[in-house]
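Trainee: Let me begin by handing over the structure; questions about it come next.
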Amino acid sequence: MTDADQARPTPARTATRTLLNLGNLPPKRSGFGDLASYQRTPSRVDPNNPPWPAYRGYHEYSFAHETMGKRLPTILGKAIDDTMRTLNEEHEEGKIKDLLQCIERMTQLMDDLHSNATLRVIKDDGEGDVALWNKEIARFFKGKNFMNAPWLFAEAYKYRRLHECFSISTYWKDYDVFFRQKCDTFSRSSTAVFELSTRFADPFHHEAGANEEEKLKAAKLVFHELTQVCLWGNATDLSLLINMTEEDIKSLQSTGGEHLAETEKNILCNDLDKIWDHLHTVKGGRIDFVLDNAGFELYCDCVYADWLIQSGIANEIHFHGKRFAWFVSDVTHKDWSWLLNSMMYGSLFPNASDAELASLRAMAKRWKSYEQTGQWVYEQHPFWCTGYTFWSLPSEAPDLFQHLADSDLVIFKGDLNHRKLTYDCQAPSQTPFDVAIGPMSSEEGAPPVVSIRTIKSDVVVGVPEEVTKKLDKDEEGWRISGRYAFIGLSEGTKTK
Ligand SMILES: O=P(O)(O)OC[C@H]1O[C@](O)(CO)[C@@H](O)[C@@H]1O
């Protein structure tokens with residue numbers, strides 16, 4: 001019996017059973033059509049039963065299988081190595097013993113992953129999300145394990161359990177097992193970092209004597225290119241690229257105009273023009289970034305946000321990060337501060353010229369001043385680190401929804417946010433983006449929402465069926481390669 005069958009209400013039992021002899025009719029056949037083409041009625045959607053069938057770890061055809069079976073244990077193994085390294089560098093006995101217990105808990109988590117254990121509740125570690133987690137487990141995932149729970153939930157649960165290994169300790173509550181990797185990748189991104197800083201350190205200005213029409217045209221061109229810089233910044237994903245060389249990093253970080261033009265054809269759903277039509281009418285507004293990865297991607301997001309302020313479109317930018325280490329490279333407050341401070345004071349790039357370093361500092365100085373004046377605000381709502389998809393955002397985090405509703409545009413960065421927006425299920429690819437994100441587009445007060453993602457997992461919406469069918473046929477692995485991308489807009493209901 002499939003999960004979908006299990007969720008169906010049991011029909012009322014009839015008093016007597018009538019057995020018909022159907023011997024002359026054609027035999028019963030199974031396997032009619034593709035399960036994925038049936039949409040669940042909205043009232044029956046819940047975290048274990050998405051609008052279309054979920055991806056689950058036991059689905060060997062999906063990236064869920066590879067992730068749950070191989071990638072997560074590898075990531076956890078590396079996390080244990082990192083913690084051992086910290087242990088070897090520590091000198092206080094109390095802290096050493098405490099950290100050893102964290103390592104024991106990580107080893108237990110590894111056993112649970114390997115043995116496909118049942119998902120237990122999260123221990124009360126005083127975090128603001130415990131009630132949300134345990135309510136969801138009790139209501140929808142009782143008795144489920146890592147492989148048969150929907151992939152999105154099981155994967156998020158693993159990162160929450162990893163956090164718990166530390167959050168219940170005495171001295172290591174905020175320890176980030178991925179911090180070293182995140183810093184290291186940024187410091188190996190010098191080519192692309194300086195490509196941008198040397199262009200954007202000087203305040204943005206229009207050509208002298210340009211008229212309004214020319215200014216608008218120029219702004220549109222910058223918008224087009226910077227949005228793509230912000231998009232391809234999402235390609236440097238540490239959870240996928242476990243042992244990246246400097247050359248790998250360089251080829252992923254496309255910031256040059258020529259490369260951008262070449263890669264624009266890989267944006268399978270491209271609402272850039274529609275987004276500009278909306279954005280250029282906004283003056284001194286508020287834009288929100290629901291962040292994805294730290295380091296280079298965050299740096300690109302900040303360059304973009306800086307331009308949004310300088311162009312007069314926005315006067316306020318809210319950045320939404322995670323409260324703790326999440327999906328390897330997601331931004332935490334520590335990553336945010338580290339980026340700005342290492343740009344300003346660090347010496348991460350020993351081969352850089354004085355002019356390059358000066359350009360980086362000039363930008364960091366301006367970004368820090370935005371923070372001081374309150375034009376840039378960093379936030380970290382507990383909801384972002386739960387297993388809920390964003391279909392549940394209005395109901396499970398109404399305060400956050402109301403807050404986002406005040407924005408002129410909410411930009412969701414990256415693959416994971418895209419999975420959460422679309423319920424990470426097997427929706428037909430031609431499903432329009434605003435249909436796929438459900439309440440985030442239809443709820444009263446829903447703000448305009450943009451998803452900017454390089455495609456790194458199975459779910460694809462907003463793309464004609466013939467395009468995905470051809471890719472499925474011709475290019476194995478295209479859904480996880482990060483070679484293709486998505487930039488989609490939902491206008492929301494605010495202005496309607
Ligand atoms: O950093 P991003 O763009 O959210 O990508 C995260 C990656 O990890 C995944 O969650 C799979 O583990 C996918 O969403 C994607 O492959």
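Quick note on naming: the chains in the structure tokens go A, B, ... in the order shown, residues restart at 1 in each chain, and ligands are numbered from 1 in order of appearance.
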Using only C-alpha atoms, what table do you get, as a Markdown table, when you list each residue of range 332-431 of chain A with an atom no more than 12 Å from range 49-70 of chain A, its nearest pair of atoms, and their distance in Å rounded to one decimal, rows by chain then rising number?

Mentor:
```
| residue | atom | partner | partner_atom | distance |
| --- | --- | --- | --- | --- |
| A:Tyr388 | CA | A:Pro50 | CA | 11.2 |
| A:Thr389 | CA | A:Pro50 | CA | 9.6 |
| A:Phe390 | CA | A:Pro50 | CA | 11.7 |
| A:Trp391 | CA | A:Pro50 | CA | 9.6 |
| A:Ser392 | CA | A:Pro50 | CA | 11.1 |
| A:Arg419 | CA | A:Tyr55 | CA | 10.8 |
| A:Lys420 | CA | A:Pro50 | CA | 11.0 |
| A:Leu421 | CA | A:Pro50 | CA | 11.6 |
| A:Thr422 | CA | A:Pro51 | CA | 9.1 |
| A:Tyr423 | CA | A:Pro50 | CA | 6.2 |
| A:Asp424 | CA | A:Ala54 | CA | 6.7 |
| A:Cys425 | CA | A:Ala54 | CA | 4.4 |
| A:Gln426 | CA | A:Trp52 | CA | 5.4 |
| A:Ala427 | CA | A:Trp52 | CA | 5.4 |
| A:Pro428 | CA | A:Trp52 | CA | 8.5 |
| A:Ser429 | CA | A:Trp52 | CA | 11.5 |
| A:Thr431 | CA | A:Trp52 | CA | 10.9 |
```

Trainee: Grab the residues selected above and save them as a PDB file, in the first residue's frame with N, CA, C and O atoms.

Mentor:
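Saved result, part.pdb, follows:
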```pdb
ATOM      1  N   TYR A 388       8.991  21.950   8.270  1.00  0.00           N
ATOM      2  CA  TYR A 388       7.802  22.362   7.506  1.00  0.00           C
ATOM      3  C   TYR A 388       8.202  22.968   6.169  1.00  0.00           C
ATOM      4  O   TYR A 388       9.229  23.646   6.066  1.00  0.00           O
ATOM      5  N   THR A 389       7.344  22.753   5.175  1.00  0.00           N
ATOM      6  CA  THR A 389       7.561  23.463   3.911  1.00  0.00           C
ATOM      7  C   THR A 389       6.917  24.846   4.048  1.00  0.00           C
ATOM      8  O   THR A 389       6.220  25.126   5.030  1.00  0.00           O
ATOM      9  N   PHE A 390       7.128  25.676   3.031  1.00  0.00           N
ATOM     10  CA  PHE A 390       6.583  27.037   3.129  1.00  0.00           C
ATOM     11  C   PHE A 390       5.078  27.086   2.855  1.00  0.00           C
ATOM     12  O   PHE A 390       4.463  28.123   3.045  1.00  0.00           O
ATOM     13  N   TRP A 391       4.491  25.965   2.429  1.00  0.00           N
ATOM     14  CA  TRP A 391       3.030  25.916   2.365  1.00  0.00           C
ATOM     15  C   TRP A 391       2.472  26.110   3.778  1.00  0.00           C
ATOM     16  O   TRP A 391       1.362  26.589   3.957  1.00  0.00           O
ATOM     17  N   SER A 392       3.257  25.696   4.795  1.00  0.00           N
ATOM     18  CA  SER A 392       2.777  25.800   6.180  1.00  0.00           C
ATOM     19  C   SER A 392       3.194  27.108   6.836  1.00  0.00           C
ATOM     20  O   SER A 392       2.892  27.324   8.011  1.00  0.00           O
ATOM     21  N   ARG A 419      12.706  23.902  -2.907  1.00  0.00           N
ATOM     22  CA  ARG A 419      12.028  22.659  -2.520  1.00  0.00           C
ATOM     23  C   ARG A 419      10.955  22.948  -1.479  1.00  0.00           C
ATOM     24  O   ARG A 419       9.860  22.396  -1.520  1.00  0.00           O
ATOM     25  N   LYS A 420      11.288  23.824  -0.533  1.00  0.00           N
ATOM     26  CA  LYS A 420      10.315  24.124   0.525  1.00  0.00           C
ATOM     27  C   LYS A 420       9.126  24.925  -0.011  1.00  0.00           C
ATOM     28  O   LYS A 420       8.005  24.750   0.438  1.00  0.00           O
ATOM     29  N   LEU A 421       9.382  25.795  -0.969  1.00  0.00           N
ATOM     30  CA  LEU A 421       8.273  26.563  -1.560  1.00  0.00           C
ATOM     31  C   LEU A 421       7.308  25.646  -2.295  1.00  0.00           C
ATOM     32  O   LEU A 421       6.093  25.823  -2.237  1.00  0.00           O
ATOM     33  N   THR A 422       7.855  24.657  -2.997  1.00  0.00           N
ATOM     34  CA  THR A 422       7.039  23.818  -3.888  1.00  0.00           C
ATOM     35  C   THR A 422       6.617  22.488  -3.251  1.00  0.00           C
ATOM     36  O   THR A 422       6.137  21.600  -3.946  1.00  0.00           O
ATOM     37  N   TYR A 423       6.833  22.346  -1.973  1.00  0.00           N
ATOM     38  CA  TYR A 423       6.485  21.119  -1.225  1.00  0.00           C
ATOM     39  C   TYR A 423       7.336  19.930  -1.659  1.00  0.00           C
ATOM     40  O   TYR A 423       7.036  18.782  -1.336  1.00  0.00           O
ATOM     41  N   ASP A 424       8.370  20.161  -2.420  1.00  0.00           N
ATOM     42  CA  ASP A 424       9.310  19.121  -2.808  1.00  0.00           C
ATOM     43  C   ASP A 424       8.616  17.828  -3.241  1.00  0.00           C
ATOM     44  O   ASP A 424       8.908  16.742  -2.731  1.00  0.00           O
ATOM     45  N   CYS A 425       7.697  17.952  -4.186  1.00  0.00           N
ATOM     46  CA  CYS A 425       6.959  16.746  -4.584  1.00  0.00           C
ATOM     47  C   CYS A 425       6.972  16.602  -6.103  1.00  0.00           C
ATOM     48  O   CYS A 425       7.508  17.454  -6.806  1.00  0.00           O
ATOM     49  N   GLN A 426       6.355  15.515  -6.568  1.00  0.00           N
ATOM     50  CA  GLN A 426       6.468  15.183  -7.989  1.00  0.00           C
ATOM     51  C   GLN A 426       5.408  15.903  -8.824  1.00  0.00           C
ATOM     52  O   GLN A 426       4.633  15.275  -9.555  1.00  0.00           O
ATOM     53  N   ALA A 427       5.371  17.209  -8.679  1.00  0.00           N
ATOM     54  CA  ALA A 427       4.433  18.008  -9.475  1.00  0.00           C
ATOM     55  C   ALA A 427       4.873  17.930 -10.941  1.00  0.00           C
ATOM     56  O   ALA A 427       6.068  17.932 -11.220  1.00  0.00           O
ATOM     57  N   PRO A 428       3.910  17.878 -11.869  1.00  0.00           N
ATOM     58  CA  PRO A 428       4.305  17.904 -13.290  1.00  0.00           C
ATOM     59  C   PRO A 428       5.074  19.191 -13.565  1.00  0.00           C
ATOM     60  O   PRO A 428       4.745  20.244 -13.003  1.00  0.00           O
ATOM     61  N   SER A 429       6.086  19.114 -14.425  1.00  0.00           N
ATOM     62  CA  SER A 429       6.982  20.263 -14.569  1.00  0.00           C
ATOM     63  C   SER A 429       6.263  21.495 -15.112  1.00  0.00           C
ATOM     64  O   SER A 429       6.678  22.619 -14.873  1.00  0.00           O
ATOM     65  N   THR A 431       3.546  22.664 -14.151  1.00  0.00           N
ATOM     66  CA  THR A 431       2.762  23.337 -13.106  1.00  0.00           C
ATOM     67  C   THR A 431       3.268  24.768 -12.952  1.00  0.00           C
ATOM     68  O   THR A 431       4.451  24.980 -12.714  1.00  0.00           O
TER      69      THR A 431
END
```

Trainee: Hey, which residues sit close to ligand 1? Say within 7 Å, counting only C-alpha atoms and all ligand atoms, and write them as an MDAnalysis selection string.

Mentor: chainID A and resid 67 234:235 237 239:240 292:293 327 329:330 414:417 419 453:454 456:457 480

Trainee: What would the file look like if the residues just selected were written as a compact mmCIF listing (two decimals), in the first residue's frame with all heavy atoms?

Mentor:
```
# COMPACT_ATOMS: atom_id res chain seq x y z
N THR A 67 20.87 10.84 -1.50
CA THR A 67 21.15 11.74 -0.38
C THR A 67 21.02 11.03 0.96
O THR A 67 21.91 11.10 1.81
CB THR A 67 20.18 12.95 -0.41
OG1 THR A 67 20.40 13.65 -1.63
CG2 THR A 67 20.42 13.89 0.75
N ASN A 234 24.71 30.70 -6.39
CA ASN A 234 24.12 29.54 -5.73
C ASN A 234 24.72 28.21 -6.19
O ASN A 234 24.45 27.16 -5.61
CB ASN A 234 22.60 29.55 -5.97
CG ASN A 234 21.88 28.36 -5.37
OD1 ASN A 234 21.29 27.55 -6.07
ND2 ASN A 234 21.95 28.22 -4.06
N ALA A 235 25.59 28.27 -7.20
CA ALA A 235 26.16 27.01 -7.69
C ALA A 235 27.25 26.46 -6.78
O ALA A 235 27.54 25.27 -6.79
CB ALA A 235 26.70 27.20 -9.10
N ASP A 237 27.92 25.02 -3.88
CA ASP A 237 27.17 24.43 -2.78
C ASP A 237 27.99 23.34 -2.09
O ASP A 237 28.26 22.30 -2.66
CB ASP A 237 25.88 23.85 -3.36
CG ASP A 237 25.05 23.13 -2.33
OD1 ASP A 237 25.52 22.98 -1.20
OD2 ASP A 237 23.94 22.72 -2.67
N SER A 239 27.36 21.27 0.19
CA SER A 239 26.78 19.97 0.52
C SER A 239 26.93 19.02 -0.68
O SER A 239 26.87 17.82 -0.54
CB SER A 239 25.33 20.10 0.93
OG SER A 239 24.50 20.31 -0.17
N LEU A 240 27.11 19.58 -1.87
CA LEU A 240 27.24 18.74 -3.06
C LEU A 240 28.69 18.57 -3.46
O LEU A 240 29.08 17.55 -4.00
CB LEU A 240 26.48 19.37 -4.23
CG LEU A 240 24.96 19.39 -4.09
CD1 LEU A 240 24.35 20.19 -5.21
CD2 LEU A 240 24.41 17.99 -4.10
N ASP A 292 20.43 31.60 1.37
CA ASP A 292 20.81 30.20 1.25
C ASP A 292 22.23 30.05 1.79
O ASP A 292 22.44 30.01 3.01
CB ASP A 292 20.67 29.73 -0.19
CG ASP A 292 20.91 28.24 -0.33
OD1 ASP A 292 20.81 27.54 0.68
OD2 ASP A 292 21.22 27.76 -1.43
N ASN A 293 23.23 30.00 0.91
CA ASN A 293 24.58 29.64 1.36
C ASN A 293 25.45 30.82 1.80
O ASN A 293 25.36 31.91 1.25
CB ASN A 293 25.31 28.90 0.23
CG ASN A 293 24.60 27.62 -0.12
OD1 ASN A 293 24.17 26.89 0.78
ND2 ASN A 293 24.43 27.34 -1.39
N PHE A 327 22.04 22.32 6.58
CA PHE A 327 22.31 21.88 5.21
C PHE A 327 23.71 22.31 4.76
O PHE A 327 23.89 22.84 3.66
CB PHE A 327 21.24 22.39 4.25
CG PHE A 327 19.95 21.59 4.34
CD1 PHE A 327 19.12 21.70 5.45
CD2 PHE A 327 19.57 20.72 3.33
CE1 PHE A 327 17.94 20.94 5.54
CE2 PHE A 327 18.40 19.97 3.42
CZ PHE A 327 17.59 20.09 4.53
N SER A 329 25.99 24.48 4.20
CA SER A 329 26.54 25.81 3.96
C SER A 329 25.58 26.97 4.19
O SER A 329 25.91 28.11 3.84
CB SER A 329 27.13 25.87 2.56
OG SER A 329 26.39 25.09 1.67
N ASP A 330 24.40 26.72 4.77
CA ASP A 330 23.46 27.83 4.96
C ASP A 330 24.02 28.90 5.91
O ASP A 330 24.77 28.60 6.83
CB ASP A 330 22.12 27.31 5.48
CG ASP A 330 21.30 26.66 4.37
OD1 ASP A 330 21.91 26.12 3.43
OD2 ASP A 330 20.06 26.70 4.43
N GLY A 414 18.16 29.76 -3.68
CA GLY A 414 18.70 28.41 -3.59
C GLY A 414 17.72 27.27 -3.73
O GLY A 414 16.50 27.44 -3.78
N ASP A 415 18.32 26.09 -3.79
CA ASP A 415 17.56 24.88 -4.08
C ASP A 415 16.67 24.45 -2.92
O ASP A 415 15.51 24.08 -3.11
CB ASP A 415 18.55 23.76 -4.42
CG ASP A 415 17.86 22.63 -5.13
OD1 ASP A 415 17.42 22.84 -6.27
OD2 ASP A 415 17.73 21.55 -4.54
N LEU A 416 17.22 24.48 -1.73
CA LEU A 416 16.42 24.03 -0.59
C LEU A 416 15.19 24.92 -0.41
O LEU A 416 14.08 24.41 -0.20
CB LEU A 416 17.29 24.02 0.68
CG LEU A 416 16.52 23.65 1.94
CD1 LEU A 416 15.94 22.24 1.84
CD2 LEU A 416 17.40 23.77 3.17
N ASN A 417 15.37 26.24 -0.49
CA ASN A 417 14.21 27.11 -0.36
C ASN A 417 13.19 26.83 -1.46
O ASN A 417 11.98 26.90 -1.23
CB ASN A 417 14.64 28.59 -0.41
CG ASN A 417 15.18 29.06 0.93
OD1 ASN A 417 14.76 28.58 1.99
ND2 ASN A 417 16.13 29.98 0.91
N ARG A 419 12.71 23.90 -2.91
CA ARG A 419 12.03 22.66 -2.52
C ARG A 419 10.96 22.95 -1.48
O ARG A 419 9.86 22.40 -1.52
CB ARG A 419 13.05 21.65 -1.95
CG ARG A 419 13.97 21.07 -3.00
CD ARG A 419 15.09 20.25 -2.35
NE ARG A 419 14.60 19.11 -1.60
CZ ARG A 419 15.32 18.46 -0.67
NH1 ARG A 419 16.57 18.82 -0.42
NH2 ARG A 419 14.81 17.44 -0.03
N ARG A 453 17.13 29.90 -8.19
CA ARG A 453 17.73 28.61 -7.80
C ARG A 453 18.50 27.99 -8.95
O ARG A 453 18.02 28.01 -10.10
CB ARG A 453 16.54 27.73 -7.42
CG ARG A 453 16.72 26.28 -7.60
CD ARG A 453 15.51 25.56 -8.16
NE ARG A 453 15.61 24.16 -7.81
CZ ARG A 453 14.89 23.18 -8.32
NH1 ARG A 453 13.96 23.42 -9.22
NH2 ARG A 453 15.08 21.94 -7.94
N THR A 454 19.69 27.46 -8.69
CA THR A 454 20.28 26.55 -9.66
C THR A 454 19.68 25.18 -9.30
O THR A 454 19.55 24.84 -8.12
CB THR A 454 21.82 26.53 -9.60
OG1 THR A 454 22.24 26.22 -8.27
CG2 THR A 454 22.41 27.87 -9.98
N LYS A 456 19.25 21.68 -8.32
CA LYS A 456 20.13 20.68 -7.72
C LYS A 456 19.36 19.54 -7.07
O LYS A 456 19.90 18.81 -6.24
CB LYS A 456 21.05 21.37 -6.70
CG LYS A 456 22.06 22.31 -7.38
CD LYS A 456 23.01 22.96 -6.40
CE LYS A 456 22.35 24.10 -5.69
NZ LYS A 456 23.25 24.92 -4.89
N SER A 457 18.08 19.41 -7.40
CA SER A 457 17.30 18.27 -6.90
C SER A 457 16.11 18.07 -7.83
O SER A 457 15.85 18.89 -8.71
CB SER A 457 16.86 18.52 -5.46
OG SER A 457 16.00 19.62 -5.43
N ILE A 480 20.20 17.46 -11.04
CA ILE A 480 21.02 17.68 -9.83
C ILE A 480 22.38 18.31 -10.15
O ILE A 480 23.17 18.56 -9.26
CB ILE A 480 21.23 16.37 -9.03
CG1 ILE A 480 21.83 15.29 -9.93
CG2 ILE A 480 19.94 15.89 -8.41
CD1 ILE A 480 22.32 14.09 -9.14
```

Trainee: Kindly indicate which residue among A:Cys183, A:Ala405, A:Trp276, A:Cys269 lies nearest to His224 in chain A, using only C-alpha atoms for the distances.

Mentor: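 Of A:Cys183, A:Ala405, A:Trp276, A:Cys269, the one nearest His224 in chain A is A:Trp276, counting only C-alpha atoms.
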
Trainee: Might you pull out every residue within 8 Å of Thr493 in chain A, with only C-alpha atoms counted and same-chain residues fewer than 5 positions away left off, and present them as a ChimeraX atom specification?

Mentor: /A:441-448

Trainee: Selected residues, all heavy atoms, written as a PDB file, in the first residue's frame, please.

Mentor:
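Printed below is result.pdb as written:
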```
ATOM      1  N   SER A 441       1.441  31.974  -2.471  1.00  0.00           N
ATOM      2  CA  SER A 441       1.019  32.898  -3.522  1.00  0.00           C
ATOM      3  C   SER A 441      -0.452  33.263  -3.369  1.00  0.00           C
ATOM      4  O   SER A 441      -0.875  34.331  -3.788  1.00  0.00           O
ATOM      5  CB  SER A 441       1.289  32.303  -4.909  1.00  0.00           C
ATOM      6  OG  SER A 441       0.168  31.651  -5.391  1.00  0.00           O
ATOM      7  N   SER A 442      -1.242  32.380  -2.730  1.00  0.00           N
ATOM      8  CA  SER A 442      -2.688  32.626  -2.735  1.00  0.00           C
ATOM      9  C   SER A 442      -3.240  33.176  -1.430  1.00  0.00           C
ATOM     10  O   SER A 442      -4.335  33.724  -1.399  1.00  0.00           O
ATOM     11  CB  SER A 442      -3.414  31.315  -3.067  1.00  0.00           C
ATOM     12  OG  SER A 442      -3.077  30.341  -2.090  1.00  0.00           O
ATOM     13  N   GLU A 443      -2.511  33.022  -0.335  1.00  0.00           N
ATOM     14  CA  GLU A 443      -2.998  33.486   0.972  1.00  0.00           C
ATOM     15  C   GLU A 443      -3.210  35.000   0.945  1.00  0.00           C
ATOM     16  O   GLU A 443      -2.454  35.722   0.295  1.00  0.00           O
ATOM     17  CB  GLU A 443      -1.933  33.131   2.030  1.00  0.00           C
ATOM     18  CG  GLU A 443      -2.376  33.288   3.446  1.00  0.00           C
ATOM     19  CD  GLU A 443      -3.213  32.111   3.953  1.00  0.00           C
ATOM     20  OE1 GLU A 443      -3.373  31.091   3.227  1.00  0.00           O
ATOM     21  OE2 GLU A 443      -3.706  32.231   5.085  1.00  0.00           O
ATOM     22  N   GLU A 444      -4.225  35.464   1.675  1.00  0.00           N
ATOM     23  CA  GLU A 444      -4.471  36.904   1.700  1.00  0.00           C
ATOM     24  C   GLU A 444      -3.241  37.642   2.217  1.00  0.00           C
ATOM     25  O   GLU A 444      -2.701  37.293   3.265  1.00  0.00           O
ATOM     26  CB  GLU A 444      -5.666  37.182   2.611  1.00  0.00           C
ATOM     27  CG  GLU A 444      -6.269  38.520   2.321  1.00  0.00           C
ATOM     28  CD  GLU A 444      -7.391  38.838   3.306  1.00  0.00           C
ATOM     29  OE1 GLU A 444      -8.123  37.898   3.684  1.00  0.00           O
ATOM     30  OE2 GLU A 444      -7.475  40.017   3.687  1.00  0.00           O
ATOM     31  N   GLY A 445      -2.792  38.616   1.486  1.00  0.00           N
ATOM     32  CA  GLY A 445      -1.621  39.399   1.905  1.00  0.00           C
ATOM     33  C   GLY A 445      -0.303  38.841   1.413  1.00  0.00           C
ATOM     34  O   GLY A 445       0.755  39.410   1.705  1.00  0.00           O
ATOM     35  N   ALA A 446      -0.351  37.737   0.647  1.00  0.00           N
ATOM     36  CA  ALA A 446       0.916  37.136   0.172  1.00  0.00           C
ATOM     37  C   ALA A 446       1.702  38.167  -0.642  1.00  0.00           C
ATOM     38  O   ALA A 446       1.167  38.765  -1.581  1.00  0.00           O
ATOM     39  CB  ALA A 446       0.636  35.902  -0.670  1.00  0.00           C
ATOM     40  N   PRO A 447       2.968  38.389  -0.302  1.00  0.00           N
ATOM     41  CA  PRO A 447       3.772  39.374  -1.032  1.00  0.00           C
ATOM     42  C   PRO A 447       4.265  38.800  -2.359  1.00  0.00           C
ATOM     43  O   PRO A 447       4.223  37.581  -2.559  1.00  0.00           O
ATOM     44  CB  PRO A 447       4.976  39.584  -0.096  1.00  0.00           C
ATOM     45  CG  PRO A 447       5.112  38.276   0.607  1.00  0.00           C
ATOM     46  CD  PRO A 447       3.725  37.705   0.755  1.00  0.00           C
ATOM     47  N   PRO A 448       4.769  39.635  -3.265  1.00  0.00           N
ATOM     48  CA  PRO A 448       5.427  39.081  -4.459  1.00  0.00           C
ATOM     49  C   PRO A 448       6.620  38.243  -4.015  1.00  0.00           C
ATOM     50  O   PRO A 448       7.384  38.654  -3.138  1.00  0.00           O
ATOM     51  CB  PRO A 448       5.889  40.325  -5.218  1.00  0.00           C
ATOM     52  CG  PRO A 448       5.095  41.455  -4.667  1.00  0.00           C
ATOM     53  CD  PRO A 448       4.762  41.103  -3.242  1.00  0.00           C
TER      54      PRO A 448
END
```

Trainee: Going by DSSP on the backbone, which residues of range 258-377 of chain A come out as helix (DSSP H, G or I)? List them as number ranges by chain.

Mentor: A: 258-264, 272-279, 296-310, 333-345, 354-373

Trainee: Give me, as a PyMOL selection string, all polymer residues having an atom no more than 6 Å from Gly488 in chain A, counting only C-alpha atoms and skipping those fewer than 6 positions away in the same chain.

Mentor: chain A and resi 271+450-451

Trainee: If we count only C-alpha atoms, what is near Asn266 in chain A at a cut-off of 9 Å, once residues fewer than 5 positions away on the same chain are taken out, given as a list of chain:residue names?

Mentor: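 In the requested format, the answer is A:Arg483, A:Tyr484, A:Ala485, A:Phe486.
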
Trainee: Pull N, CA, C and O atoms from the residues just selected and write them as a PDB file, in the first residue's frame.

Mentor:
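The resulting file, result15.pdb, is shown below:
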```
ATOM      1  N   ARG A 483      23.606  22.794 -13.451  1.00  0.00           N
ATOM      2  CA  ARG A 483      23.862  23.445 -14.746  1.00  0.00           C
ATOM      3  C   ARG A 483      22.659  24.268 -15.203  1.00  0.00           C
ATOM      4  O   ARG A 483      22.778  25.173 -15.999  1.00  0.00           O
ATOM      5  N   TYR A 484      21.492  23.882 -14.722  1.00  0.00           N
ATOM      6  CA  TYR A 484      20.258  24.567 -15.136  1.00  0.00           C
ATOM      7  C   TYR A 484      19.721  25.385 -13.973  1.00  0.00           C
ATOM      8  O   TYR A 484      20.095  25.170 -12.813  1.00  0.00           O
ATOM      9  N   ALA A 485      18.848  26.316 -14.316  1.00  0.00           N
ATOM     10  CA  ALA A 485      18.415  27.231 -13.261  1.00  0.00           C
ATOM     11  C   ALA A 485      16.964  27.656 -13.433  1.00  0.00           C
ATOM     12  O   ALA A 485      16.328  27.379 -14.462  1.00  0.00           O
ATOM     13  N   PHE A 486      16.492  28.349 -12.418  1.00  0.00           N
ATOM     14  CA  PHE A 486      15.094  28.771 -12.356  1.00  0.00           C
ATOM     15  C   PHE A 486      15.045  30.168 -11.749  1.00  0.00           C
ATOM     16  O   PHE A 486      15.655  30.407 -10.702  1.00  0.00           O
TER      17      PHE A 486
END
```
